[in-house]
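Asker: Sharing data-v7.cif below, mmCIF, C-alpha atoms and all ligand atoms:
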data_start
loop_
_atom_site.label_atom_id
_atom_site.label_comp_id
_atom_site.auth_asym_id
_atom_site.auth_seq_id
_atom_site.Cartn_x
_atom_site.Cartn_y
_atom_site.Cartn_z
CA MET D 1 -14.62 -26.37 -2.50
CA GLY D 2 -12.74 -24.21 -4.89
CA GLN D 3 -14.34 -23.11 -8.16
CA ALA D 4 -12.44 -21.50 -11.00
CA GLY D 5 -13.45 -17.90 -11.48
CA SER D 6 -15.14 -17.53 -8.11
CA ARG D 7 -13.85 -16.31 -4.79
CA PHE D 8 -14.26 -19.77 -3.20
CA VAL D 9 -10.60 -20.57 -3.00
CA GLY D 10 -8.81 -23.58 -1.56
CA GLY D 11 -10.60 -26.78 -0.56
CA ALA D 12 -9.56 -30.34 0.23
CA GLU D 13 -6.74 -30.26 -2.34
CA TYR D 14 -5.12 -27.19 -0.82
CA LYS D 15 -1.65 -27.81 0.60
CA ALA D 16 0.90 -25.20 1.52
CA LEU D 17 3.69 -25.33 -1.05
CA ASP D 18 7.28 -25.98 -0.12
CA GLU D 19 10.39 -26.01 -2.24
CA THR D 20 9.66 -29.54 -3.48
CA ARG D 21 5.93 -29.14 -4.04
CA VAL D 22 6.37 -25.94 -5.98
CA ARG D 23 8.25 -27.90 -8.67
CA GLY D 24 5.35 -30.35 -9.04
CA PHE D 25 2.91 -27.44 -9.14
CA LEU D 26 4.83 -25.78 -12.00
CA VAL D 27 5.52 -28.99 -13.93
CA ALA D 28 1.75 -29.32 -14.36
CA LEU D 29 1.69 -25.94 -16.13
CA PRO D 30 3.11 -26.31 -19.67
CA PHE D 31 3.79 -22.57 -20.03
CA ALA D 32 5.86 -22.61 -16.84
CA GLU D 33 8.01 -25.53 -17.97
CA THR D 34 8.67 -23.71 -21.22
CA ALA D 35 9.45 -20.41 -19.49
CA LEU D 36 11.87 -22.02 -17.03
CA GLY D 37 13.45 -24.55 -19.43
CA GLY D 38 15.35 -27.70 -18.49
CA ALA D 39 14.23 -30.39 -16.06
CA ALA D 40 12.31 -29.57 -12.88
CA ASP D 41 14.97 -31.06 -10.64
CA ALA D 42 17.49 -28.62 -12.08
CA TRP D 43 15.39 -25.58 -11.16
CA THR D 44 16.42 -23.56 -8.15
CA VAL D 45 13.64 -22.69 -5.71
CA ARG D 46 13.88 -20.10 -2.93
CA GLU D 47 11.14 -19.05 -0.53
CA VAL D 48 11.63 -15.31 -0.11
CA GLY D 49 8.37 -14.06 1.44
CA ASP D 50 9.16 -11.49 4.10
CA GLY D 51 5.72 -9.91 4.28
CA ASN D 52 3.22 -10.54 7.03
CA LEU D 53 0.93 -13.04 5.33
CA ASN D 54 2.06 -15.25 2.43
CA LEU D 55 4.56 -17.63 0.90
CA VAL D 56 6.56 -16.31 -2.06
CA PHE D 57 8.81 -18.60 -4.13
CA ILE D 58 11.35 -17.54 -6.73
CA VAL D 59 11.90 -20.37 -9.21
CA LYS D 60 14.71 -20.21 -11.76
CA GLY D 61 15.57 -22.51 -14.65
CA PRO D 62 18.09 -22.33 -17.49
CA LYS D 63 15.76 -20.16 -19.63
CA GLY D 64 14.18 -17.83 -17.08
CA GLY D 65 12.45 -17.30 -13.77
CA LEU D 66 8.97 -17.06 -12.27
CA VAL D 67 7.38 -16.10 -8.98
CA VAL D 68 4.77 -18.23 -7.23
CA LYS D 69 2.83 -16.49 -4.48
CA GLN D 70 0.58 -18.62 -2.28
CA ALA D 71 -1.80 -17.55 0.48
CA LEU D 72 -1.48 -19.40 3.79
CA PRO D 73 -4.65 -20.15 5.78
CA TYR D 74 -3.33 -18.04 8.67
CA VAL D 75 -1.42 -14.82 9.35
CA ARG D 76 2.22 -15.74 8.75
CA MET D 77 3.63 -13.13 11.14
CA VAL D 78 1.46 -14.42 14.03
CA GLY D 79 0.97 -18.12 13.29
CA GLU D 80 -1.88 -20.64 13.01
CA SER D 81 -3.68 -19.12 16.00
CA TRP D 82 -4.89 -16.33 13.65
CA PRO D 83 -6.72 -18.01 10.73
CA LEU D 84 -7.17 -16.04 7.53
CA PRO D 85 -9.31 -16.96 4.49
CA LEU D 86 -7.54 -18.10 1.35
CA ASP D 87 -9.89 -16.09 -0.83
CA ARG D 88 -7.60 -13.09 -0.40
CA ALA D 89 -5.54 -14.69 -3.20
CA TYR D 90 -8.60 -14.36 -5.44
CA PHE D 91 -9.07 -10.68 -4.56
CA GLU D 92 -5.38 -10.02 -5.15
CA HIS D 93 -5.50 -11.68 -8.57
CA GLU D 94 -8.70 -9.85 -9.54
CA ALA D 95 -7.22 -6.52 -8.43
CA LEU D 96 -4.03 -7.20 -10.37
CA LYS D 97 -6.09 -7.92 -13.49
CA ILE D 98 -7.92 -4.60 -13.13
CA GLN D 99 -4.68 -2.73 -12.41
CA THR D 100 -3.16 -4.40 -15.49
CA LEU D 101 -5.96 -2.89 -17.59
CA ALA D 102 -5.51 0.54 -15.96
CA ALA D 103 -1.72 0.78 -15.63
CA PRO D 104 -0.04 -2.19 -17.40
CA ARG D 105 3.48 -0.77 -17.24
CA LEU D 106 3.41 -0.53 -13.45
CA VAL D 107 2.37 -4.03 -12.30
CA PRO D 108 3.97 -7.47 -12.72
CA LYS D 109 2.80 -9.66 -15.62
CA LEU D 110 0.29 -12.28 -14.54
CA TYR D 111 0.62 -15.81 -15.90
CA HIS D 112 -1.73 -18.09 -13.95
CA PHE D 113 -4.08 -18.29 -10.97
CA ASP D 114 -4.75 -21.62 -9.26
CA THR D 115 -8.00 -21.47 -7.31
CA MET D 116 -7.39 -24.71 -5.37
CA GLN D 117 -3.91 -23.77 -4.22
CA ALA D 118 -4.69 -20.04 -3.73
CA ALA D 119 -1.56 -19.41 -5.78
CA THR D 120 -0.62 -16.91 -8.49
CA VAL D 121 2.23 -17.38 -10.95
CA MET D 122 3.69 -14.10 -12.11
CA GLU D 123 6.65 -12.31 -13.58
CA LEU D 124 9.95 -12.43 -11.70
CA LEU D 125 11.02 -8.82 -11.29
CA GLU D 126 14.80 -8.61 -11.56
CA PRO D 127 16.95 -6.78 -10.57
CA HIS D 128 14.19 -4.97 -8.67
CA LEU D 129 14.44 -4.45 -4.93
CA ILE D 130 11.60 -3.94 -2.46
CA LEU D 131 11.45 -0.15 -2.25
CA ARG D 132 11.49 -0.12 1.57
CA LYS D 133 14.86 -1.91 1.54
CA GLY D 134 16.20 0.58 -1.00
CA LEU D 135 15.10 3.51 1.16
CA ILE D 136 16.86 1.97 4.16
CA LYS D 137 20.04 1.61 2.11
CA GLY D 138 19.80 5.23 0.95
CA LEU D 139 19.22 4.43 -2.75
CA ARG D 140 17.64 7.01 -5.06
CA TYR D 141 14.89 6.24 -7.52
CA PRO D 142 14.61 9.01 -10.14
CA LYS D 143 11.37 7.64 -11.64
CA LEU D 144 9.60 6.71 -8.42
CA ALA D 145 7.54 9.86 -7.86
CA ALA D 146 6.27 10.07 -11.44
CA ASP D 147 5.58 6.33 -11.67
CA MET D 148 3.66 6.20 -8.39
CA ALA D 149 1.74 9.35 -9.35
CA GLU D 150 0.81 7.64 -12.61
CA PHE D 151 -0.12 4.36 -10.92
CA CYS D 152 -2.41 6.10 -8.43
CA ALA D 153 -3.98 8.44 -10.98
CA LEU D 154 -4.67 5.67 -13.49
CA THR D 155 -5.92 3.01 -11.09
CA LEU D 156 -8.00 5.36 -8.95
CA PHE D 157 -9.48 7.40 -11.82
CA ARG D 158 -10.27 4.43 -14.05
CA THR D 159 -12.01 2.41 -11.32
CA SER D 160 -14.01 5.39 -10.05
CA ASP D 161 -17.34 6.77 -11.27
CA LEU D 162 -15.31 9.28 -13.27
CA GLY D 163 -13.52 6.59 -15.24
CA SER D 164 -15.80 3.58 -15.43
CA PRO D 165 -19.51 3.20 -16.23
CA ALA D 166 -21.76 2.86 -13.19
CA ALA D 167 -22.76 -0.71 -14.04
CA GLU D 168 -19.12 -1.87 -14.18
CA LYS D 169 -18.20 0.06 -11.06
CA ARG D 170 -21.13 -1.34 -9.09
CA GLU D 171 -20.37 -4.92 -10.16
CA ARG D 172 -16.74 -4.54 -9.09
CA GLN D 173 -17.70 -2.85 -5.85
CA VAL D 174 -20.04 -5.74 -4.95
CA ARG D 175 -17.32 -8.27 -5.79
CA PHE D 176 -14.62 -6.61 -3.70
CA SER D 177 -17.04 -5.91 -0.84
CA HIS D 178 -16.55 -9.61 0.02
CA ASN D 179 -12.93 -8.94 0.96
CA ILE D 180 -14.29 -8.59 4.47
CA THR D 181 -11.63 -10.21 6.63
CA LEU D 182 -8.74 -8.23 5.19
CA SER D 183 -10.73 -4.99 5.32
CA LYS D 184 -11.47 -5.72 8.99
CA ILE D 185 -7.72 -6.05 9.63
CA THR D 186 -7.29 -2.54 8.24
CA GLU D 187 -10.26 -1.20 10.18
CA ASP D 188 -8.84 -2.53 13.47
CA LEU D 189 -5.09 -2.19 12.98
CA VAL D 190 -5.07 1.23 11.32
CA PHE D 191 -7.98 3.12 12.82
CA THR D 192 -8.76 1.61 16.22
CA ASP D 193 -6.03 -0.44 17.96
CA PRO D 194 -3.40 2.33 18.21
CA TYR D 195 -5.95 4.39 20.17
CA ARG D 196 -6.93 1.75 22.75
CA VAL D 197 -5.32 -0.89 24.93
CA SER D 198 -4.97 -3.99 22.75
CA ASP D 199 -2.91 -7.17 22.95
CA MET D 200 -2.09 -6.52 19.32
CA ASN D 201 -0.19 -3.32 20.05
CA ARG D 202 3.50 -2.94 20.70
CA TRP D 203 5.95 -0.04 20.72
CA THR D 204 9.47 0.82 21.78
CA THR D 205 9.13 0.57 25.53
CA PRO D 206 9.63 2.25 27.93
CA GLN D 207 10.65 5.18 25.70
CA LEU D 208 7.25 5.53 24.02
CA ASP D 209 5.00 4.51 26.93
CA LYS D 210 3.89 8.07 27.67
CA VAL D 211 3.28 8.91 24.03
CA ALA D 212 1.18 5.76 23.58
CA ALA D 213 -0.87 6.65 26.67
CA ALA D 214 -1.30 10.21 25.39
CA PHE D 215 -2.64 8.84 22.07
CA ARG D 216 -5.19 6.74 23.99
CA ALA D 217 -6.36 9.82 25.93
CA ASP D 218 -6.44 12.29 23.04
CA ALA D 219 -10.10 12.91 22.17
CA PRO D 220 -9.54 15.12 19.07
CA LEU D 221 -7.08 12.55 17.73
CA LYS D 222 -9.45 9.63 18.38
CA LEU D 223 -12.24 11.54 16.64
CA ALA D 224 -9.96 12.12 13.65
CA ALA D 225 -9.02 8.42 13.56
CA GLN D 226 -12.66 7.35 13.71
CA GLU D 227 -13.72 9.89 11.10
CA LEU D 228 -11.06 8.51 8.78
CA LYS D 229 -12.31 4.99 9.57
CA TRP D 230 -15.85 6.06 8.71
CA MET D 231 -14.58 7.39 5.39
CA PHE D 232 -12.80 4.08 4.78
CA LEU D 233 -15.98 2.13 5.55
CA THR D 234 -18.44 4.23 3.59
CA ARG D 235 -16.79 6.15 0.76
CA GLY D 236 -16.37 3.67 -2.08
CA GLU D 237 -14.78 6.11 -4.51
CA ALA D 238 -12.44 3.75 -6.34
CA LEU D 239 -10.81 0.32 -6.20
CA LEU D 240 -7.97 0.75 -3.73
CA HIS D 241 -4.76 -1.24 -3.73
CA GLY D 242 -5.46 -1.27 -0.02
CA ASP D 243 -1.91 -1.72 1.30
CA LEU D 244 0.22 0.68 -0.74
CA HIS D 245 3.26 0.87 1.50
CA THR D 246 6.86 0.76 0.35
CA GLY D 247 6.98 -3.02 0.89
CA SER D 248 4.35 -3.32 -1.86
CA ILE D 249 6.56 -1.63 -4.46
CA MET D 250 9.52 -3.13 -6.31
CA ALA D 251 11.82 -0.71 -8.05
CA THR D 252 15.02 -0.10 -9.95
CA GLU D 253 16.33 3.29 -11.04
CA THR D 254 14.36 2.94 -14.26
CA ASP D 255 11.33 0.81 -13.44
CA THR D 256 8.62 0.71 -10.77
CA ARG D 257 6.08 -2.07 -10.15
CA VAL D 258 3.31 -2.24 -7.60
CA ILE D 259 2.64 -5.70 -6.12
CA ASP D 260 0.47 -7.35 -3.44
CA PRO D 261 -3.03 -5.81 -3.70
CA GLU D 262 -4.67 -8.49 -1.52
CA PHE D 263 -6.33 -5.81 0.65
CA ALA D 264 -8.11 -4.42 -2.43
CA VAL D 265 -11.52 -2.95 -1.70
CA PHE D 266 -13.53 0.08 -2.82
CA GLY D 267 -12.77 3.00 -0.57
CA PRO D 268 -11.65 6.63 -0.42
CA MET D 269 -8.90 7.47 -2.91
CA GLY D 270 -6.97 9.28 -0.20
CA PHE D 271 -6.35 5.95 1.53
CA ASP D 272 -3.90 4.69 -1.14
CA LEU D 273 -2.34 8.12 -1.60
CA GLY D 274 -1.87 8.43 2.16
CA ALA D 275 -0.37 4.95 2.48
CA PHE D 276 2.41 5.79 0.03
CA MET D 277 3.06 9.22 1.55
CA ALA D 278 3.06 7.79 5.10
CA ASN D 279 5.72 5.28 4.23
CA LEU D 280 7.88 7.94 2.57
CA LEU D 281 7.59 10.01 5.74
CA LEU D 282 8.42 7.01 7.95
CA ALA D 283 11.50 6.46 5.77
CA PHE D 284 12.32 10.18 6.19
CA PHE D 285 12.09 10.11 10.00
CA ALA D 286 14.07 6.84 10.15
CA GLN D 287 17.06 8.24 8.23
CA GLU D 288 18.70 9.73 11.32
CA GLY D 289 18.85 6.21 12.70
CA HIS D 290 20.63 4.99 9.57
CA ALA D 291 23.18 7.82 9.47
CA THR D 292 26.86 6.88 9.83
CA THR D 293 30.04 8.93 10.20
CA SER D 294 30.60 8.69 6.45
CA ASP D 295 26.95 9.21 5.42
CA ASP D 296 24.84 11.67 7.41
CA ARG D 297 21.80 11.03 5.18
CA ILE D 298 20.92 14.74 5.19
CA ALA D 299 20.85 15.08 1.40
CA TYR D 300 19.00 11.79 1.20
CA ARG D 301 16.30 13.04 3.56
CA ALA D 302 15.78 16.00 1.25
CA TRP D 303 15.48 13.60 -1.69
CA ILE D 304 12.71 11.70 0.13
CA LEU D 305 10.80 14.96 0.64
CA ASP D 306 11.41 15.93 -3.01
CA THR D 307 9.84 12.58 -3.91
CA LEU D 308 6.87 13.22 -1.61
CA GLU D 309 6.22 16.62 -3.20
CA ALA D 310 6.72 15.38 -6.76
CA PHE D 311 4.40 12.44 -6.08
CA TRP D 312 1.52 14.61 -4.94
CA THR D 313 1.95 17.31 -7.62
CA GLY D 314 2.34 14.61 -10.29
CA PHE D 315 -0.75 12.77 -9.07
CA GLU D 316 -2.82 15.95 -9.03
CA ALA D 317 -1.76 16.94 -12.55
CA ARG D 318 -2.28 13.43 -13.95
CA PHE D 319 -5.67 12.96 -12.29
CA LEU D 320 -6.91 16.36 -13.47
CA ALA D 321 -5.70 15.61 -16.99
CA LEU D 322 -7.59 12.29 -17.04
CA TRP D 323 -10.71 14.03 -15.77
CA ALA D 324 -10.41 16.89 -18.30
CA LYS D 325 -9.97 14.40 -21.14
CA GLY D 326 -13.13 12.63 -19.99
CA GLY D 327 -13.54 9.07 -18.83
CA ALA D 328 -16.16 6.42 -19.39
CA GLY D 329 -17.76 7.25 -16.04
CA ASP D 330 -21.29 8.39 -15.34
CA ALA D 331 -20.42 11.13 -12.83
CA PHE D 332 -20.03 14.75 -14.05
CA MET D 333 -21.32 14.18 -17.59
CA PRO D 334 -19.33 16.61 -19.81
CA SER D 335 -22.46 17.19 -21.93
CA LEU D 336 -23.97 19.16 -19.01
CA PHE D 337 -21.12 21.69 -19.00
CA THR D 338 -20.58 22.61 -22.65
CA ASP D 339 -21.35 26.34 -22.28
CA GLU D 340 -18.70 28.75 -20.95
CA VAL D 341 -20.25 29.22 -17.50
CA GLY D 342 -20.66 25.48 -17.08
CA GLY D 343 -17.10 24.83 -18.22
CA VAL D 344 -15.67 27.31 -15.70
CA ALA D 345 -17.83 25.90 -12.89
CA LEU D 346 -16.76 22.33 -13.66
CA GLU D 347 -13.10 23.31 -13.79
CA ALA D 348 -13.41 25.07 -10.39
CA TYR D 349 -15.14 22.00 -8.97
CA ARG D 350 -12.33 19.74 -10.19
CA HIS D 351 -9.79 21.87 -8.33
CA MET D 352 -11.94 21.88 -5.16
CA THR D 353 -12.09 18.10 -5.40
CA MET D 354 -8.30 17.90 -5.55
CA THR D 355 -8.07 20.00 -2.38
CA ARG D 356 -10.53 17.66 -0.65
CA LEU D 357 -8.60 14.61 -1.89
CA PHE D 358 -5.35 16.14 -0.62
CA GLN D 359 -6.81 16.70 2.84
CA ASP D 360 -8.22 13.15 2.93
CA ALA D 361 -4.84 11.84 1.81
CA ILE D 362 -2.82 13.61 4.48
CA GLY D 363 -5.28 12.48 7.17
CA PHE D 364 -4.77 8.87 6.06
CA THR D 365 -1.02 9.56 5.91
CA GLY D 366 -1.07 10.37 9.62
CA ALA D 367 -3.13 7.30 10.51
CA LYS D 368 -0.85 5.04 8.47
CA MET D 369 2.25 6.47 10.18
CA ALA D 370 0.91 6.05 13.72
CA ARG D 371 -0.23 2.44 13.22
CA ARG D 372 3.32 1.40 12.20
CA ILE D 373 4.74 2.70 15.48
CA LEU D 374 2.05 1.91 18.06
CA GLY D 375 0.17 -1.01 16.46
CA LEU D 376 0.86 -4.64 15.55
CA ALA D 377 2.71 -4.41 12.24
CA HIS D 378 5.80 -2.23 12.24
CA VAL D 379 8.17 -1.20 9.45
CA GLU D 380 11.75 -2.27 8.87
CA ASP D 381 12.78 1.37 8.33
CA LEU D 382 12.39 1.92 12.08
CA GLU D 383 12.73 -1.65 13.39
CA SER D 384 16.21 -1.95 11.89
CA ILE D 385 17.49 0.89 14.10
CA GLU D 386 19.05 -1.25 16.79
CA ASP D 387 19.63 1.42 19.43
CA ALA D 388 16.24 1.75 21.16
CA ASP D 389 16.81 5.38 22.20
CA ALA D 390 17.76 6.38 18.67
CA ARG D 391 14.75 4.50 17.30
CA ALA D 392 12.40 6.07 19.85
CA LYS D 393 13.62 9.54 18.89
CA CYS D 394 12.73 8.95 15.23
CA GLU D 395 9.38 7.41 16.25
CA LYS D 396 8.39 10.28 18.53
CA LEU D 397 8.92 12.81 15.75
CA ALA D 398 6.96 10.67 13.31
CA LEU D 399 4.10 10.38 15.82
CA ARG D 400 3.99 14.14 16.29
CA MET D 401 3.72 14.58 12.55
CA ALA D 402 1.09 11.84 12.37
CA ARG D 403 -1.06 13.58 14.96
CA ASP D 404 -0.69 17.00 13.31
CA LEU D 405 -1.71 15.55 9.94
CA MET D 406 -4.75 13.71 11.32
CA VAL D 407 -6.13 16.46 13.51
CA GLY D 408 -5.07 19.42 11.36
CA ARG D 409 -5.66 18.00 7.90
CA ASN D 410 -8.42 20.40 6.88
CA ALA D 411 -6.22 23.41 7.65
CA ILE D 412 -3.16 22.22 5.70
CA GLY D 413 -3.24 23.74 2.23
CA SER D 414 -0.36 22.30 0.25
CA ILE D 415 2.18 19.53 -0.03
CA GLN D 416 4.85 22.20 0.53
CA ALA D 417 3.28 22.78 3.97
CA VAL D 418 3.56 19.04 4.70
CA ARG D 419 7.22 19.15 3.67
CA ASP D 420 7.80 22.16 5.93
CA MET D 421 6.21 20.31 8.87
CA ALA D 422 8.56 17.33 8.37
CA GLU D 423 11.63 19.56 8.02
CA THR D 424 10.75 21.60 11.11
CA LEU D 425 10.12 18.51 13.21
CA ALA D 426 13.37 16.89 12.09
CA LYS D 427 15.29 19.85 13.58
CA GLU D 428 13.63 19.47 16.99
CA VAL D 429 15.38 18.18 20.06
CA VAL D 430 13.34 15.31 21.45
CA ALA D 431 12.82 14.92 25.20
C1 LIG D 501 -2.03 -9.04 10.20
S1 LIG D 501 -1.58 -8.26 8.76
C2 LIG D 501 -0.72 -6.85 9.26
C3 LIG D 501 -0.48 -5.88 8.17
O1 LIG D 501 0.28 -6.46 7.13
C4 LIG D 501 -0.19 -6.02 5.88
O2 LIG D 501 0.85 -5.58 5.09
C5 LIG D 501 -1.20 -4.92 6.17
O3 LIG D 501 -0.61 -3.65 6.20
C6 LIG D 501 -1.72 -5.35 7.49
O4 LIG D 501 -2.35 -4.32 8.19
MG MG D 502 1.41 -7.35 1.41
#
If you convert what's in this file into structure tokens, what do you get?
Ligand code: SR1
Ligand code: MG
Answerer:
Amino acid sequence: MGQAGSRFVGGAEYKALDETRVRGFLVALPFAETALGGAADAWTVREVGDGNLNLVFIVKGPKGGLVVKQALPYVRMVGESWPLPLDRAYFEHEALKIQTLAAPRLVPKLYHFDTMQAATVMELLEPHLILRKGLIKGLRYPKLAADMAEFCALTLFRTSDLGSPAAEKRERQVRFSHNITLSKITEDLVFTDPYRVSDMNRWTTPQLDKVAAAFRADAPLKLAAQELKWMFLTRGEALLHGDLHTGSIMATETDTRVIDPEFAVFGPMGFDLGAFMANLLLAFFAQEGHATTSDDRIAYRAWILDTLEAFWTGFEARFLALWAKGGAGDAFMPSLFTDEVGGVALEAYRHMTMTRLFQDAIGFTGAKMARRILGLAHVEDLESIEDADARAKCEKLALRMARDLMVGRNAIGSIQAVRDMAETLAKEVVA
């Protein structure tokens, strides 16, 4: 049975919402009636969820709009044969609350969580577009790099042992450690399935058959994937969003919001950083497939790489600034480093940590790219390229970059080097 404030979500009263039921659900919430205005039967309701897991309703009345997101008891993209616990709605809501404390400008406003219905009522973001769709259209987002750098720096720093007291961090880590089923999806789909034969896998066939087989036979690559998995399992550095791809970001030219943290769990910071960078690189490699005679997308590809570089440099600067200012965390107590020698040593250590974080991040970038081409869940950037040969060409280049990042991550020294790798690969003729 569901209990308010706990992770035991759903129960006998749970029923998947539909366009009629969502009205009854909102009518029972006085704030929602006020926000929407008018009578419930005059509200417009649209189910717009195009993710892999949930229902998402946009409800509009004469005064305003709201979003209702409800977890389904199964994986939407697969069907009822793959059950999934409703408590992911609890973890998502808890993560959003923590992210609201850390980075309020960059997440949607939260209005209500219903434990029984595994449903969250939140701000309707308009005229925002899912970032992935904007990148497919070739739209530019001048604030994206800085906003995502800020989101990652604030949420990762403030939930880590640098930014929050050990007691708070431990309590949160215990709580989110129960997000077991969704973490297991990541463990399998990101770090294991693309490197073995699995019913879950699919790829552009026959064009990618040999590449997929080569991935399954590549011992250094499999070691890299499993080392990254081990990091994901064991290194609880900060509360991760857990699924920070470009479908989890809604943006306009002037505003950026991060949504959908249902995979939230404590893990290595590089995992979130890598997820965002991977999806920028997938968008980069997909551009050739979206080029037309009137729009070759060449300048746009450069803009994506500018965004990648500005994201990493912005994140590094913001994270270092937060650390230098001092957080509420118990790690690296500033009082131990007040003398000149100590101060210099601590500063050098901070920079070494950023290098380590960068190398973690680009390793995860590679893993997150490969899983979207060889695993179960693909990305619209590539899937929307109708010509299979054209799509396979983009995918092969992305897979080469993915492998180089995973295996070579500890020898890659800068984000400029990552940019150079992408630019060099994009010029290659693919067999
Ligand atoms: C079965 S869920 C497949 C994927 O969708 C989500 O967005 C996560 O990325 C997950 O791995
Ligand atoms: Mg999602």
Asker: Could you build a table of the residues in chain D lying no more than 7 Å from ligand MG 502 (chain D), giving for each the nearest pair of atoms and their separation in Å rounded to one decimal place, using all atoms listed in the file, ordered by chain and ascending residue number, as a Markdown table?
Answerer:
| residue | atom | partner | partner_atom | distance |
| --- | --- | --- | --- | --- |
| D:Gly51 | CA | D:MG502 | MG | 5.8 |
| D:Asn52 | CA | D:MG502 | MG | 6.7 |
| D:Leu53 | CA | D:MG502 | MG | 6.9 |
| D:Asp243 | CA | D:MG502 | MG | 6.5 |
| D:Ser248 | CA | D:MG502 | MG | 6.0 |
| D:Asp260 | CA | D:MG502 | MG | 4.9 |
| D:Pro261 | CA | D:MG502 | MG | 6.9 |
| D:Glu262 | CA | D:MG502 | MG | 6.8 |
Asker: From the set D:Phe276, D:Tyr195, D:Tyr300, D:Tyr349, which residue has the shortest atom-to-atom contact distance to ligand LIG 501 (chain D), counting only C-alpha atoms and all ligand atoms?
Answerer: D:Phe276
Asker: Please identify every polymer residue within 6 Å of ligand LIG 501 (chain D), using only C-alpha atoms and all ligand atoms, and present the set as a list of chain:residue names.
Answerer: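 Listed by chain and ascending number, the contacts are D:Asn52, D:Val75, D:Ile185, D:Thr186, D:Leu189, D:Asp243, D:Ala377.
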Asker: Using all atoms listed in the file, list the residues that have an atom at most 6 Å from (-3.9, 3.6, -1.8), coordinates as in the file, as an mmCIF file with C-alpha atoms, in the coordinates of the input.
Answerer:
data_model
loop_
_atom_site.group_PDB
_atom_site.id
_atom_site.type_symbol
_atom_site.label_atom_id
_atom_site.label_comp_id
_atom_site.auth_asym_id
_atom_site.auth_seq_id
_atom_site.Cartn_x
_atom_site.Cartn_y
_atom_site.Cartn_z
ATOM 1 C CA LEU D 240 -7.970 0.750 -3.730
ATOM 2 C CA HIS D 241 -4.760 -1.240 -3.730
ATOM 3 C CA GLY D 242 -5.460 -1.270 -0.020
ATOM 4 C CA LEU D 244 0.220 0.680 -0.740
ATOM 5 C CA PHE D 271 -6.350 5.950 1.530
ATOM 6 C CA ASP D 272 -3.900 4.690 -1.140
ATOM 7 C CA LEU D 273 -2.340 8.120 -1.600
ATOM 8 C CA ALA D 275 -0.370 4.950 2.480
#
Asker: What separation in Å, quoted to one decimal, exists between CA of Leu144 in chain D and CA of Thr252 in chain D?
Answerer: 8.8 Å
Asker: Skipping near chain neighbours, those fewer than 2 positions away, what residues fall within 12 Å of Leu84 in chain D using all atoms listed in the file, listed as a list in words?
Answerer: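 The contact residues come out as Val9, Gly10, Asn52, Leu53, Asn54, Ala71, Leu72, Pro73, Tyr74, Val75, Arg76, Met77, Val78, Gly79, Glu80, Ser81, Trp82, Leu86, Asp87, Arg88, Ala89, Asn179, Ile180, Thr181, Leu182, Ser183, Lys184 and Ile185 of chain D.
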Asker: Quick one: distance from CA of Leu139 in chain D to CA of Trp303 in chain D in Å, one decimal?
Answerer: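 Pair CA of Leu139 in chain D / CA of Trp303 in chain D returns 10.0 Å.
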Asker: Centre and edge lengths, as AutoDock Vina command-line options, for the axis-aligned box enclosing every listed atom of range 229-245 of chain D with 6 Å of padding on each of the six sides, in Å to one decimal?
Answerer:
--center_x -7.6 --center_y 2.8 --center_z 1.6 --size_x 33.7 --size_y 21.1 --size_z 27.9
Asker: So that I can check the surroundings of Phe337 in chain D, please list as a PyMOL selection string every protein, DNA and RNA residue that reaches within 10 Å of it, counting all atoms listed in the file and ignoring chain neighbours fewer than 6 positions away.
Answerer: chain D and resi 343-347
Asker: Show me, as JSON lines, the residues of range 149-266 of chain D having an atom within 9 Å of range 383-396 of chain D, each with the closest atom pair and its distance in Å, using all atoms listed in the file.
Answerer:
{"residue": "D:Trp203", "atom": "CA", "partner": "D:Ala392", "partner_atom": "CA", "distance": 8.9}
{"residue": "D:Thr204", "atom": "CA", "partner": "D:Ala392", "partner_atom": "CA", "distance": 6.3}
{"residue": "D:Thr205", "atom": "CA", "partner": "D:Ala388", "partner_atom": "CA", "distance": 8.4}
{"residue": "D:Gln207", "atom": "CA", "partner": "D:Ala392", "partner_atom": "CA", "distance": 6.2}
{"residue": "D:Leu208", "atom": "CA", "partner": "D:Ala392", "partner_atom": "CA", "distance": 6.6}
{"residue": "D:Val211", "atom": "CA", "partner": "D:Lys396", "partner_atom": "CA", "distance": 7.6}
Asker: Mind giving me the straight-line distance from CA of Ile415 in chain D to CA of Phe332 in chain D in Å, one decimal?
Answerer: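 Answer for the CA of Ile415 in chain D to CA of Phe332 in chain D separation: 26.7 Å.
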Asker: Can you pull out every residue within 10 Å of Lys97 in chain D, counting all atoms listed in the file, but drop anything in the same chain fewer than 6 positions away, and send it as number ranges by chain?
Answerer: D: 91, 103-104, 107, 109-110
Asker: Tell me, as a list of chain:residue names, which residues lie within 12 Å of Arg7 in chain D, counting only C-alpha atoms; anything in the same chain fewer than 5 positions away does not count.
Answerer: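 Contacts, with the query itself left out: D:Met1, D:Gly2, D:Pro85, D:Leu86, D:Asp87, D:Arg88, D:Ala89, D:Tyr90, D:Phe91, D:Glu92, D:His93, D:Glu94, D:Phe113, D:Asp114, D:Thr115, D:Met116, D:Ala118, D:Arg175, D:Phe176, D:Ser177, D:His178, D:Asn179.
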Asker: Write out as a VMD selection string each polymer residue whose atoms come within 9 Å of Val190 in chain D, counting only C-alpha atoms; drop sequence neighbours fewer than 5 positions from it.
Answerer: chain D and resid 185 225 229 367 to 368 370 to 372 375
Asker: When you count all atoms listed in the file, which of these residues is closest to Gly326 in chain D: D:Leu162, D:Val265, D:Ala251, D:Ala212?
Answerer: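 Smallest distance to Gly326 in chain D is found for D:Leu162.
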